[in-house]
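Shown next: target.txt, containing compact mmCIF, C-alpha atoms.
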```txt
# COMPACT_ATOMS: atom_id res chain seq x y z
CA MET M 427 -22.67 -14.22 19.87
CA THR M 428 -19.51 -15.78 18.46
CA LEU M 429 -21.17 -16.31 15.08
CA ILE M 430 -22.06 -12.64 14.71
CA VAL M 431 -18.44 -11.72 15.46
CA TYR M 432 -17.38 -14.07 12.66
CA ALA M 433 -19.97 -12.48 10.36
CA ILE M 434 -18.66 -8.98 11.11
CA SER M 435 -15.09 -10.11 10.37
CA ILE M 436 -16.05 -11.81 7.11
CA THR M 437 -17.98 -8.72 6.04
CA GLY M 438 -14.82 -6.69 6.63
CA ILE M 439 -12.81 -8.81 4.18
CA LEU M 440 -15.45 -8.43 1.45
CA ALA M 441 -13.94 -5.03 0.60
CA ASN M 442 -11.26 -6.49 -1.68
CA THR M 443 -11.74 -10.26 -1.87
CA LEU M 444 -14.81 -9.97 -4.09
CA ILE M 445 -13.39 -7.56 -6.63
CA THR M 446 -9.69 -8.35 -6.99
CA PRO M 447 -10.44 -11.34 -9.28
CA VAL M 448 -12.21 -8.97 -11.71
CA LEU M 449 -9.58 -6.23 -11.45
CA PRO M 450 -8.42 -6.86 -15.06
CA GLU M 451 -12.03 -6.45 -16.29
CA ILE M 452 -12.48 -3.19 -14.37
CA LYS M 453 -9.14 -2.01 -15.76
CA ASP M 454 -10.27 -2.75 -19.32
CA HIS M 455 -13.79 -1.32 -18.84
CA PHE M 456 -12.52 2.09 -17.77
CA ASN M 457 -9.34 1.91 -19.92
CA LEU M 458 -7.06 2.25 -16.91
CA GLY M 459 -3.36 1.81 -16.37
CA SER M 460 -2.13 -0.63 -13.74
CA GLY M 461 -1.44 2.22 -11.31
CA GLU M 462 -5.01 3.53 -11.62
CA ALA M 463 -6.44 0.06 -11.09
CA GLY M 464 -4.35 -0.30 -7.95
CA LEU M 465 -5.78 2.96 -6.65
CA MET M 466 -9.26 1.45 -6.61
CA VAL M 467 -8.03 -1.31 -4.30
CA SER M 468 -6.21 1.20 -2.09
CA LEU M 469 -9.10 3.59 -1.50
CA ALA M 470 -11.13 1.10 0.54
CA SER M 471 -8.28 1.15 3.06
CA VAL M 472 -7.24 4.83 3.13
CA PRO M 473 -9.90 6.09 5.61
CA GLY M 474 -8.89 3.46 8.13
CA ILE M 475 -5.48 5.06 8.59
CA VAL M 476 -7.11 7.90 10.54
CA VAL M 477 -10.58 6.56 11.31
CA ALA M 478 -9.70 3.16 12.84
CA PRO M 479 -8.03 4.56 16.01
CA LEU M 480 -10.86 7.09 16.39
CA LEU M 481 -13.48 4.36 16.09
CA GLY M 482 -11.56 2.34 18.64
CA LEU M 483 -11.63 5.30 21.02
CA VAL M 484 -15.34 5.85 20.37
CA SER M 485 -16.07 2.16 21.01
CA ASP M 486 -14.16 2.34 24.30
CA ARG M 487 -16.55 5.11 25.38
CA ILE M 488 -19.98 4.29 23.89
CA GLY M 489 -19.57 0.54 23.36
CA ARG M 490 -18.75 -1.92 20.59
CA ARG M 491 -22.35 -2.50 19.41
CA ALA M 492 -23.15 1.19 18.99
CA THR M 493 -20.00 1.64 16.89
CA VAL M 494 -19.98 -1.45 14.69
CA ILE M 495 -23.60 -1.26 13.41
CA PRO M 496 -23.22 2.14 11.68
CA CYS M 497 -19.93 0.91 10.19
CA LEU M 498 -21.74 -2.06 8.62
CA ILE M 499 -24.40 0.20 7.12
CA VAL M 500 -21.84 2.61 5.65
CA PHE M 501 -19.82 -0.29 4.29
CA GLY M 502 -22.82 -1.85 2.53
CA THR M 503 -23.92 1.50 1.11
CA GLY M 504 -20.50 2.17 -0.40
CA GLY M 505 -20.37 -1.29 -1.93
CA LEU M 506 -23.76 -1.00 -3.64
CA LEU M 507 -22.94 2.49 -4.91
CA GLY M 508 -19.78 1.04 -6.45
CA MET M 509 -21.85 -1.55 -8.29
CA VAL M 510 -23.84 1.11 -10.16
CA ALA M 511 -21.09 3.76 -10.51
CA PRO M 512 -21.24 5.11 -14.10
CA SER M 513 -17.67 6.45 -14.10
CA TYR M 514 -14.35 5.53 -12.59
CA THR M 515 -14.33 8.72 -10.52
CA LEU M 516 -17.63 7.78 -8.89
CA LEU M 517 -16.41 4.22 -8.40
CA LEU M 518 -13.43 5.61 -6.49
CA ALA M 519 -15.76 7.79 -4.39
CA ALA M 520 -17.88 4.74 -3.54
CA ARG M 521 -14.79 2.77 -2.58
CA LEU M 522 -13.67 5.62 -0.34
CA LEU M 523 -17.06 5.65 1.41
CA GLN M 524 -16.83 1.90 1.81
CA GLY M 525 -13.45 2.39 3.44
CA PHE M 526 -14.99 4.50 6.22
CA GLY M 527 -17.26 1.59 7.10
CA ALA M 528 -14.53 -1.03 6.76
CA ALA M 529 -12.39 0.91 9.26
CA GLY M 530 -14.55 -0.36 12.13
CA LEU M 531 -15.25 -3.99 11.27
CA ILE M 532 -12.43 -6.51 11.66
CA ASN M 533 -10.73 -4.48 14.38
CA LEU M 534 -13.90 -4.16 16.48
CA ALA M 535 -14.58 -7.88 16.05
CA ILE M 536 -11.12 -8.55 17.50
CA VAL M 537 -11.76 -6.09 20.33
CA ILE M 538 -15.05 -7.84 21.18
CA LEU M 539 -13.20 -11.15 21.41
CA GLY M 540 -10.47 -9.52 23.46
CA ASP M 541 -13.08 -8.22 25.89
CA ARG M 542 -14.61 -11.67 26.39
CA HIS M 543 -11.47 -13.82 26.67
CA GLU M 544 -8.09 -13.86 28.41
CA GLY M 545 -4.71 -15.55 27.91
CA ALA M 546 -4.57 -18.71 25.81
CA THR M 547 -8.37 -18.70 25.51
CA ARG M 548 -8.14 -15.30 23.85
CA ALA M 549 -5.54 -16.59 21.39
CA ARG M 550 -7.79 -19.54 20.53
CA ALA M 551 -10.84 -17.29 20.09
CA ILE M 552 -8.98 -14.88 17.82
CA GLY M 553 -7.48 -17.86 15.99
CA ARG M 554 -10.93 -19.29 15.32
CA ASN M 555 -12.10 -15.89 14.14
CA ALA M 556 -9.08 -15.82 11.84
CA ALA M 557 -10.00 -19.30 10.62
CA ALA M 558 -13.48 -18.03 9.74
CA ILE M 559 -11.89 -15.12 7.88
CA THR M 560 -9.52 -17.51 6.15
CA LEU M 561 -12.37 -19.74 5.00
CA GLY M 562 -13.99 -16.60 3.64
CA LEU M 563 -10.75 -15.77 1.84
CA ALA M 564 -10.86 -19.24 0.26
CA VAL M 565 -14.44 -18.91 -0.99
CA LEU M 566 -15.03 -15.21 -1.66
CA PRO M 567 -12.44 -14.60 -4.41
CA ALA M 568 -13.83 -17.56 -6.36
CA LEU M 569 -17.37 -16.24 -5.78
CA GLY M 570 -16.37 -12.77 -6.96
CA GLY M 571 -14.72 -14.24 -10.05
CA LEU M 572 -17.71 -16.48 -10.80
CA LEU M 573 -20.14 -13.58 -10.51
CA GLY M 574 -17.86 -11.57 -12.79
CA ASP M 575 -17.83 -14.31 -15.41
CA ILE M 576 -21.62 -14.65 -15.25
CA GLY M 577 -22.79 -11.05 -15.01
CA GLY M 578 -19.77 -8.83 -15.64
CA TRP M 579 -17.58 -7.10 -13.08
CA ARG M 580 -20.50 -5.15 -11.56
CA ALA M 581 -22.10 -8.40 -10.43
CA SER M 582 -19.09 -9.01 -8.18
CA PHE M 583 -20.25 -6.05 -6.04
CA ALA M 584 -23.70 -7.55 -5.37
CA PRO M 585 -22.77 -9.49 -2.17
CA TYR M 586 -22.05 -6.20 -0.41
CA VAL M 587 -25.78 -6.11 0.34
CA LEU M 588 -25.07 -8.77 2.99
CA ALA M 589 -23.61 -6.04 5.19
CA PHE M 590 -27.14 -4.78 5.92
CA GLY M 591 -28.21 -8.25 7.04
CA VAL M 592 -25.20 -8.52 9.34
CA ALA M 593 -26.06 -5.09 10.79
CA ALA M 594 -29.59 -6.29 11.55
CA MET M 595 -28.26 -9.45 13.24
CA ALA M 596 -25.73 -7.43 15.24
CA ALA M 597 -28.55 -5.18 16.48
CA ARG M 598 -30.40 -8.26 17.79
CA ILE M 599 -27.51 -10.36 19.11
CA LEU M 600 -24.78 -8.09 20.45
CA PRO M 601 -25.39 -6.94 24.03
CA ARG M 602 -26.62 -3.39 24.42
CA ASP M 603 -23.91 -0.95 25.37
CA VAL M 604 -24.14 0.65 28.78
CA PRO M 605 -22.10 3.88 28.71
CA GLU M 606 -20.08 4.42 31.83
CA LYS M 607 -21.69 6.94 34.19
CA ASN M 608 -19.66 10.04 34.92
CA ALA M 609 -17.19 9.08 32.20
CA PRO M 610 -14.27 11.52 31.94
CA PRO M 611 -14.16 13.96 29.01
CA LEU M 612 -12.96 12.57 25.70
CA ARG M 613 -9.75 14.58 25.92
CA GLU M 614 -8.99 13.05 29.32
CA THR M 615 -9.68 9.54 28.01
CA LEU M 616 -7.34 10.10 25.09
CA LYS M 617 -4.68 11.43 27.45
CA GLU M 618 -4.95 8.30 29.59
CA ALA M 619 -4.63 6.12 26.48
CA VAL M 620 -1.43 7.82 25.29
CA PRO M 621 0.97 5.72 27.44
CA TYR M 622 -0.43 2.55 25.86
CA ILE M 623 -0.15 4.02 22.35
CA ARG M 624 3.48 4.96 23.06
CA ASP M 625 4.27 1.49 24.42
CA ARG M 626 7.41 -0.01 22.86
CA ARG M 627 5.39 -3.03 21.77
CA VAL M 628 3.14 -0.77 19.70
CA ALA M 629 6.22 0.95 18.25
CA VAL M 630 7.38 -2.42 16.89
CA MET M 631 3.98 -3.86 16.00
CA ALA M 632 2.70 -0.92 13.93
CA PRO M 633 5.53 -0.63 11.36
CA VAL M 634 5.65 -4.41 10.98
CA GLY M 635 1.92 -4.39 10.19
CA PHE M 636 2.43 -1.56 7.71
CA VAL M 637 5.10 -3.35 5.68
CA LEU M 638 3.36 -6.71 6.01
CA PHE M 639 0.20 -5.40 4.40
CA ILE M 640 2.10 -3.65 1.64
CA LEU M 641 3.16 -7.16 0.67
CA VAL M 642 -0.32 -8.70 1.11
CA PHE M 643 -2.25 -6.06 -0.79
CA GLY M 644 0.44 -5.05 -3.25
CA LEU M 645 1.78 -8.38 -4.41
CA VAL M 646 -1.02 -10.86 -3.71
CA LEU M 647 -4.24 -8.88 -4.13
CA THR M 648 -3.07 -6.52 -6.90
CA ALA M 649 -0.09 -7.93 -8.79
CA LEU M 650 -1.05 -11.62 -8.67
CA PRO M 651 -4.48 -11.35 -10.42
CA LEU M 652 -2.95 -9.16 -13.14
CA PHE M 653 -0.07 -11.65 -13.47
CA LEU M 654 -2.51 -14.55 -13.85
CA ASP M 655 -4.47 -12.64 -16.49
CA GLU M 656 -1.55 -11.42 -18.58
CA GLN M 657 0.81 -14.40 -18.27
CA PHE M 658 -1.65 -17.30 -18.27
CA GLY M 659 -4.84 -15.78 -19.73
CA ILE M 660 -7.16 -17.50 -17.26
CA GLY M 661 -10.67 -16.26 -16.47
CA ALA M 662 -11.97 -14.48 -13.39
CA THR M 663 -13.31 -17.64 -11.72
CA ALA M 664 -9.96 -19.42 -12.01
CA ARG M 665 -8.13 -16.30 -10.83
CA GLY M 666 -10.41 -16.14 -7.81
CA SER M 667 -9.76 -19.80 -7.01
CA ILE M 668 -5.99 -19.30 -7.06
CA LEU M 669 -6.29 -16.14 -4.95
CA GLY M 670 -8.23 -18.24 -2.45
CA ALA M 671 -5.59 -21.00 -2.38
CA PRO M 672 -3.47 -19.39 0.39
CA ALA M 673 -6.46 -19.74 2.69
CA ALA M 674 -6.11 -23.52 2.59
CA ALA M 675 -2.74 -23.17 4.30
CA SER M 676 -3.68 -20.21 6.51
CA VAL M 677 -6.69 -21.97 8.02
CA ILE M 678 -4.44 -24.74 9.37
CA VAL M 679 -2.38 -22.12 11.19
CA ALA M 680 -5.44 -20.21 12.40
CA LEU M 681 -7.07 -23.32 13.88
CA THR M 682 -3.91 -24.29 15.73
CA ILE M 683 -2.81 -20.82 16.79
CA GLY M 684 -3.85 -21.35 20.41
CA ARG M 685 -1.51 -24.34 20.68
CA LEU M 686 1.23 -22.61 18.68
CA SER M 687 1.02 -19.50 20.87
CA GLY M 688 1.54 -21.67 23.93
CA ARG M 689 4.77 -23.10 22.49
CA PHE M 690 6.21 -20.16 20.55
CA ASP M 691 6.32 -16.43 21.28
CA THR M 692 4.68 -13.92 18.92
CA TRP M 693 7.81 -12.62 17.24
CA SER M 694 9.26 -16.04 16.54
CA LEU M 695 6.02 -16.94 14.76
CA VAL M 696 6.10 -13.66 12.82
CA MET M 697 9.71 -14.15 11.71
CA THR M 698 8.97 -17.70 10.62
CA GLY M 699 6.02 -16.41 8.62
CA LEU M 700 8.20 -13.78 6.95
CA ALA M 701 10.63 -16.52 5.93
CA PHE M 702 7.72 -18.24 4.14
CA PHE M 703 6.90 -14.91 2.44
CA VAL M 704 10.44 -14.65 1.08
CA VAL M 705 10.33 -18.19 -0.33
CA SER M 706 6.90 -17.74 -1.93
CA PHE M 707 7.77 -14.44 -3.64
CA LEU M 708 11.06 -15.83 -4.92
CA ILE M 709 9.16 -18.74 -6.48
CA LEU M 710 6.63 -16.37 -8.05
CA SER M 711 9.41 -14.23 -9.52
CA GLY M 712 10.48 -17.16 -11.70
CA ALA M 713 7.15 -18.98 -12.16
CA THR M 714 6.38 -20.06 -15.72
CA ALA M 715 3.81 -22.78 -14.95
CA LEU M 716 0.46 -22.40 -13.24
CA VAL M 717 1.11 -25.26 -10.82
CA VAL M 718 4.22 -23.42 -9.58
CA VAL M 719 2.07 -20.35 -8.89
CA VAL M 720 -0.34 -22.49 -6.83
CA VAL M 721 2.53 -23.97 -4.80
CA ALA M 722 3.88 -20.47 -4.14
CA ALA M 723 0.40 -19.34 -3.08
CA LEU M 724 0.15 -22.19 -0.56
CA ILE M 725 3.56 -21.33 0.91
CA TYR M 726 2.48 -17.69 1.11
CA GLY M 727 -0.66 -18.81 2.96
CA LEU M 728 1.44 -20.39 5.71
CA GLY M 729 3.35 -17.14 6.04
CA GLU M 730 0.16 -15.11 6.21
CA GLY M 731 -1.26 -17.27 8.99
CA LEU M 732 1.96 -17.14 11.02
CA THR M 733 2.20 -13.34 10.84
CA ILE M 734 -1.25 -11.77 10.85
CA VAL M 735 -3.04 -13.93 13.44
CA PRO M 736 -0.33 -13.66 16.14
CA LEU M 737 -0.09 -9.91 15.62
CA GLN M 738 -3.87 -9.53 15.92
CA THR M 739 -3.76 -11.38 19.23
CA TYR M 740 -0.73 -9.39 20.35
CA SER M 741 -2.57 -6.10 19.77
CA THR M 742 -5.30 -7.07 22.25
CA THR M 743 -2.84 -7.80 25.08
CA ILE M 744 -1.13 -4.42 25.31
CA ALA M 745 -3.87 -2.40 27.03
CA PRO M 746 -6.72 -3.12 29.46
CA ALA M 747 -10.30 -3.26 28.16
CA ALA M 748 -10.91 0.47 28.74
CA TYR M 749 -8.23 1.34 26.16
CA ARG M 750 -8.12 -1.84 24.07
CA GLY M 751 -10.17 -0.37 21.25
CA VAL M 752 -7.82 2.53 20.62
CA VAL M 753 -4.68 0.35 20.77
CA VAL M 754 -6.14 -2.20 18.35
CA GLY M 755 -7.19 0.82 16.28
CA VAL M 756 -3.54 1.90 16.04
CA TRP M 757 -2.65 -1.59 14.77
CA VAL M 758 -5.45 -1.39 12.22
CA ALA M 759 -4.37 2.12 11.16
CA SER M 760 -0.89 0.80 10.35
CA VAL M 761 -2.46 -2.11 8.47
CA ARG M 762 -4.74 0.24 6.51
CA ALA M 763 -1.74 2.38 5.60
CA GLY M 764 -0.03 -0.71 4.17
CA GLN M 765 -3.22 -1.71 2.38
CA SER M 766 -3.35 1.75 0.82
CA VAL M 767 0.29 1.99 -0.24
CA GLY M 768 0.69 -1.62 -1.45
CA PRO M 769 -1.72 -1.63 -4.42
CA TRP M 770 -0.61 1.82 -5.56
CA LEU M 771 3.06 0.86 -5.35
CA ALA M 772 2.51 -2.47 -7.11
CA GLY M 773 0.50 -0.73 -9.82
CA ARG M 774 3.30 1.76 -10.47
CA MET M 775 5.89 -1.01 -10.62
CA LEU M 776 3.70 -2.99 -13.02
CA GLU M 777 3.63 -0.19 -15.55
CA SER M 778 6.85 -1.75 -16.86
CA ASN M 779 4.98 -5.10 -17.21
CA ASP M 780 7.90 -6.87 -15.51
CA PHE M 781 6.17 -9.14 -13.00
CA SER M 782 9.42 -10.91 -12.15
CA LYS M 783 10.95 -7.72 -10.74
CA VAL M 784 7.79 -6.95 -8.77
CA PHE M 785 7.76 -10.33 -7.01
CA LEU M 786 11.53 -10.24 -6.52
CA GLY M 787 11.12 -6.81 -4.93
CA GLY M 788 8.51 -8.32 -2.61
CA ALA M 789 10.98 -11.02 -1.55
CA VAL M 790 13.60 -8.37 -0.80
CA LEU M 791 11.10 -6.32 1.21
CA ALA M 792 9.98 -9.37 3.21
CA GLY M 793 13.62 -10.28 3.87
CA THR M 794 14.37 -6.74 4.99
CA LEU M 795 11.43 -6.84 7.39
CA PHE M 796 12.70 -10.17 8.73
CA LEU M 797 16.09 -8.58 9.48
CA ALA M 798 14.44 -5.54 11.07
CA VAL M 799 12.41 -7.74 13.43
CA LEU M 800 15.56 -9.73 14.15
CA VAL M 801 17.38 -6.55 15.21
CA ALA M 802 14.44 -5.45 17.35
CA THR M 803 13.94 -8.83 19.05
CA ARG M 804 17.23 -10.78 18.66
CA LEU M 805 15.42 -14.06 18.03
CA LEU M 806 17.40 -15.55 15.13
CA LEU M 807 18.54 -18.86 16.65
CA LYS M 808 15.19 -19.43 18.30
CA THR M 809 13.40 -18.66 15.04
CA ILE M 810 15.54 -21.13 13.07
CA CYS M 811 14.68 -23.86 15.56
CA TYR M 812 11.00 -22.90 15.54
CA THR M 813 10.91 -22.87 11.73
CA PHE M 814 12.03 -26.51 11.62
CA GLN M 815 9.54 -27.44 14.34
CA LEU M 816 6.69 -25.69 12.50
CA LEU M 817 7.67 -27.37 9.22
CA ILE M 818 7.47 -30.73 10.98
CA ILE M 819 4.03 -29.81 12.41
CA PHE M 820 2.60 -28.78 9.03
CA ILE M 821 4.29 -31.46 6.93
```
Could I get this structure in the form of structure tokens?
Amino acid sequence: MTLIVYAISITGILANTLITPVLPEIKDHFNLGSGEAGLMVSLASVPGIVVAPLLGLVSDRIGRRATVIPCLIVFGTGGLLGMVAPSYTLLLAARLLQGFGAAGLINLAIVILGDRHEGATRARAIGRNAAAITLGLAVLPALGGLLGDIGGWRASFAPYVLAFGVAAMAARILPRDVPEKNAPPLRETLKEAVPYIRDRRVAVMAPVGFVLFILVFGLVLTALPLFLDEQFGIGATARGSILGAPAAASVIVALTIGRLSGRFDTWSLVMTGLAFFVVSFLILSGATALVVVVVAALIYGLGEGLTIVPLQTYSTTIAPAAYRGVVVGVWVASVRAGQSVGPWLAGRMLESNDFSKVFLGGAVLAGTLFLAVLVATRLLLKTICYTFQLLIIFI
């Protein structure tokens, strides 16, 4: 069953990893500005802002299997419609449809793992799932770029058909859901979940996830491929390979997250990761050589692993199983909001064609988030010590 959970998670990341390497080609094909191109990346995340918590609530009532299979089918349908879209407007509509399916994939995979594991075992399970996602992040951008170089940007949409195969496997492998007899009305269930949604931990976790994914989707998945195209003139396959480089660093973190979580608390890991973000974006703001970009991408990958994976685990610990889906859904909603705003914001900033200012702005935003978490958790001295320890571990 673990393998199908990995497959669901990897399907969820297909939404943008396949097509961001060919974003410049899509931009040229439809004669778009950078802001319009960013909108196409954003729309696959917009539905999740509202839909993810609702799907979490639905999965808490009718079961994970009965919720995730329709999401896979909708996701695959939207992807294939995008491949044949004759106009940019219809491409956006297909991406929006795809976003409704994506809203119930990675989060429900995490919930399934949270249901089956506890404590450090849960952290290890979610870490391994994150490692599988990270390996996908290493391979899929290069695959999307290669398909784009061979068959044009539309060919990069072809792997979305795999979502139907994953749906078929999920129908065979995931245990059948047994709805609770005499379950309370939906309104009553939502009322009982409200105290968990209002938990102070959620109040900190959600805005951090929002800003974090503005950085991930705005600077790395939108600005970076355009930067590589315009500043270095490299093809889609090479762009995809560089976009996959952070995964090489992130997978190390993901595979060791169980051990790291036993030694360091969540927020110390997150603050250390944000420090890596600041360094990587500062390097990118002044990068004039491709090797420097790759080094910055690797440093960014460490930051990504130290922020996203601990927060995913954290979201599963706040509520019991009966309300875990809706709480994880709130985390995912904040993430989807960041995924939606980031590409649009980066696109608008790139209309000036000043990549240096965009990456410098990302460093300032990451630094501001670091200070905000510091104020909320008062972990500065501990984080400094942990940063040196983590550097020793990874070096």
Next on the checklist: Please determine, counting all atoms listed in the file, which residue among M:Asp486, M:Asp655, M:Asp575, M:Glu614 has the shortest atom-to-atom distance to Asp541 of chain M.
Outcome noted: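 Of M:Asp486, M:Asp655, M:Asp575, M:Glu614, the one nearest Asp541 of chain M is M:Asp486, counting all atoms listed in the file.
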Next on the checklist: If I take atom CA of Leu771 of chain M and atom CA of Gly644 of chain M, how far is one from the other in Å, to one decimal?
Outcome noted: 6.8 Å
Checklist entry - So which residues fall inside 12 Å of (-12.4, -19.6, 12.6) if we count all atoms listed in the file? Mind giving them as a PyMOL selection string? => result chain M and resi 428-429+431-433+435-436+549-563+673+676-684+731+735
Produce a file of the selected residues containing C-alpha atoms, as a compact mmCIF listing (two decimals), keeping the file's coordinate frame.
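Listed below is the output, selection_11.txt:
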```txt
# COMPACT_ATOMS: atom_id res chain seq x y z
CA THR M 428 -19.51 -15.78 18.46
CA LEU M 429 -21.17 -16.31 15.08
CA VAL M 431 -18.44 -11.72 15.46
CA TYR M 432 -17.38 -14.07 12.66
CA ALA M 433 -19.97 -12.48 10.36
CA SER M 435 -15.09 -10.11 10.37
CA ILE M 436 -16.05 -11.81 7.11
CA ALA M 549 -5.54 -16.59 21.39
CA ARG M 550 -7.79 -19.54 20.53
CA ALA M 551 -10.84 -17.29 20.09
CA ILE M 552 -8.98 -14.88 17.82
CA GLY M 553 -7.48 -17.86 15.99
CA ARG M 554 -10.93 -19.29 15.32
CA ASN M 555 -12.10 -15.89 14.14
CA ALA M 556 -9.08 -15.82 11.84
CA ALA M 557 -10.00 -19.30 10.62
CA ALA M 558 -13.48 -18.03 9.74
CA ILE M 559 -11.89 -15.12 7.88
CA THR M 560 -9.52 -17.51 6.15
CA LEU M 561 -12.37 -19.74 5.00
CA GLY M 562 -13.99 -16.60 3.64
CA LEU M 563 -10.75 -15.77 1.84
CA ALA M 673 -6.46 -19.74 2.69
CA SER M 676 -3.68 -20.21 6.51
CA VAL M 677 -6.69 -21.97 8.02
CA ILE M 678 -4.44 -24.74 9.37
CA VAL M 679 -2.38 -22.12 11.19
CA ALA M 680 -5.44 -20.21 12.40
CA LEU M 681 -7.07 -23.32 13.88
CA THR M 682 -3.91 -24.29 15.73
CA ILE M 683 -2.81 -20.82 16.79
CA GLY M 684 -3.85 -21.35 20.41
CA GLY M 731 -1.26 -17.27 8.99
CA VAL M 735 -3.04 -13.93 13.44
```
Checklist entry - Counting all atoms listed in the file, what is within 9 Å of segment 753-761 of chain M, bar same-chain residues fewer than 3 positions away, as a count of residues only? => result 45
Please give the centre and size of the box around segment 716-735 of chain M (axis-aligned, containing every atom listed in the file, 6 Å added per side), with values in Å to one decimal and written as AutoDock Vina command-line options.
```
--center_x 0.6 --center_y -18.5 --center_z 0.1 --size_x 19.3 --size_y 25.5 --size_z 38.7
```
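Between Gly508 of chain M and the residues M:Trp693, M:Phe526, M:Tyr586, M:Phe456, the shortest atom-to-atom distance, using all atoms listed in the file, involves M:Tyr586.
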Item to check | Å distance separating atom CA of Phe707 of chain M from atom CA of Thr437 of chain M, one decimal place | outcome: 28.1 Å
Next on the checklist: Given the point (6.3, -16.9, 0.1) in the file's coordinates, find the residues that have an atom at most 8 Å from it, counting all atoms listed in the file, and give them as an NGL selection string.
Outcome noted: :M and (700-709 or 722-723 or 725-727 or 729 or 789)
Could N, CA and C atoms be built for segment 766-779 of chain M and written out as a PDB file, keeping the file's coordinate frame?
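Saved result, selection-v7.pdb, follows:
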```pdb
ATOM      1  N   SER M 766      -3.201   0.628   1.748  1.00  0.00           N
ATOM      2  CA  SER M 766      -3.350   1.750   0.820  1.00  0.00           C
ATOM      3  C   SER M 766      -2.131   1.914  -0.074  1.00  0.00           C
ATOM      4  N   VAL M 767      -0.947   1.778   0.515  1.00  0.00           N
ATOM      5  CA  VAL M 767       0.290   1.990  -0.240  1.00  0.00           C
ATOM      6  C   VAL M 767       0.582   0.809  -1.160  1.00  0.00           C
ATOM      7  N   GLY M 768       0.318  -0.429  -0.698  1.00  0.00           N
ATOM      8  CA  GLY M 768       0.690  -1.620  -1.450  1.00  0.00           C
ATOM      9  C   GLY M 768       0.136  -1.681  -2.862  1.00  0.00           C
ATOM     10  N   PRO M 769      -1.185  -1.560  -3.059  1.00  0.00           N
ATOM     11  CA  PRO M 769      -1.720  -1.630  -4.420  1.00  0.00           C
ATOM     12  C   PRO M 769      -1.218  -0.511  -5.323  1.00  0.00           C
ATOM     13  N   TRP M 770      -1.119   0.697  -4.755  1.00  0.00           N
ATOM     14  CA  TRP M 770      -0.610   1.820  -5.560  1.00  0.00           C
ATOM     15  C   TRP M 770       0.833   1.566  -5.986  1.00  0.00           C
ATOM     16  N   LEU M 771       1.660   1.113  -5.046  1.00  0.00           N
ATOM     17  CA  LEU M 771       3.060   0.860  -5.350  1.00  0.00           C
ATOM     18  C   LEU M 771       3.207  -0.269  -6.358  1.00  0.00           C
ATOM     19  N   ALA M 772       2.449  -1.352  -6.165  1.00  0.00           N
ATOM     20  CA  ALA M 772       2.510  -2.470  -7.110  1.00  0.00           C
ATOM     21  C   ALA M 772       2.050  -2.031  -8.496  1.00  0.00           C
ATOM     22  N   GLY M 773       0.996  -1.214  -8.541  1.00  0.00           N
ATOM     23  CA  GLY M 773       0.500  -0.730  -9.820  1.00  0.00           C
ATOM     24  C   GLY M 773       1.547   0.085 -10.568  1.00  0.00           C
ATOM     25  N   ARG M 774       2.251   0.949  -9.841  1.00  0.00           N
ATOM     26  CA  ARG M 774       3.300   1.760 -10.470  1.00  0.00           C
ATOM     27  C   ARG M 774       4.429   0.873 -10.989  1.00  0.00           C
ATOM     28  N   MET M 775       4.805  -0.115 -10.204  1.00  0.00           N
ATOM     29  CA  MET M 775       5.890  -1.010 -10.620  1.00  0.00           C
ATOM     30  C   MET M 775       5.478  -1.844 -11.828  1.00  0.00           C
ATOM     31  N   LEU M 776       4.175  -2.152 -11.918  1.00  0.00           N
ATOM     32  CA  LEU M 776       3.700  -2.990 -13.020  1.00  0.00           C
ATOM     33  C   LEU M 776       3.540  -2.242 -14.328  1.00  0.00           C
ATOM     34  N   GLU M 777       3.714  -0.937 -14.303  1.00  0.00           N
ATOM     35  CA  GLU M 777       3.630  -0.190 -15.550  1.00  0.00           C
ATOM     36  C   GLU M 777       4.726  -0.613 -16.526  1.00  0.00           C
ATOM     37  N   SER M 778       5.782  -1.219 -15.995  1.00  0.00           N
ATOM     38  CA  SER M 778       6.850  -1.750 -16.860  1.00  0.00           C
ATOM     39  C   SER M 778       6.518  -3.153 -17.368  1.00  0.00           C
ATOM     40  N   ASN M 779       5.402  -3.740 -16.854  1.00  0.00           N
ATOM     41  CA  ASN M 779       4.980  -5.100 -17.210  1.00  0.00           C
ATOM     42  C   ASN M 779       6.034  -6.160 -16.903  1.00  0.00           C
TER      43      ASN M 779
END
```
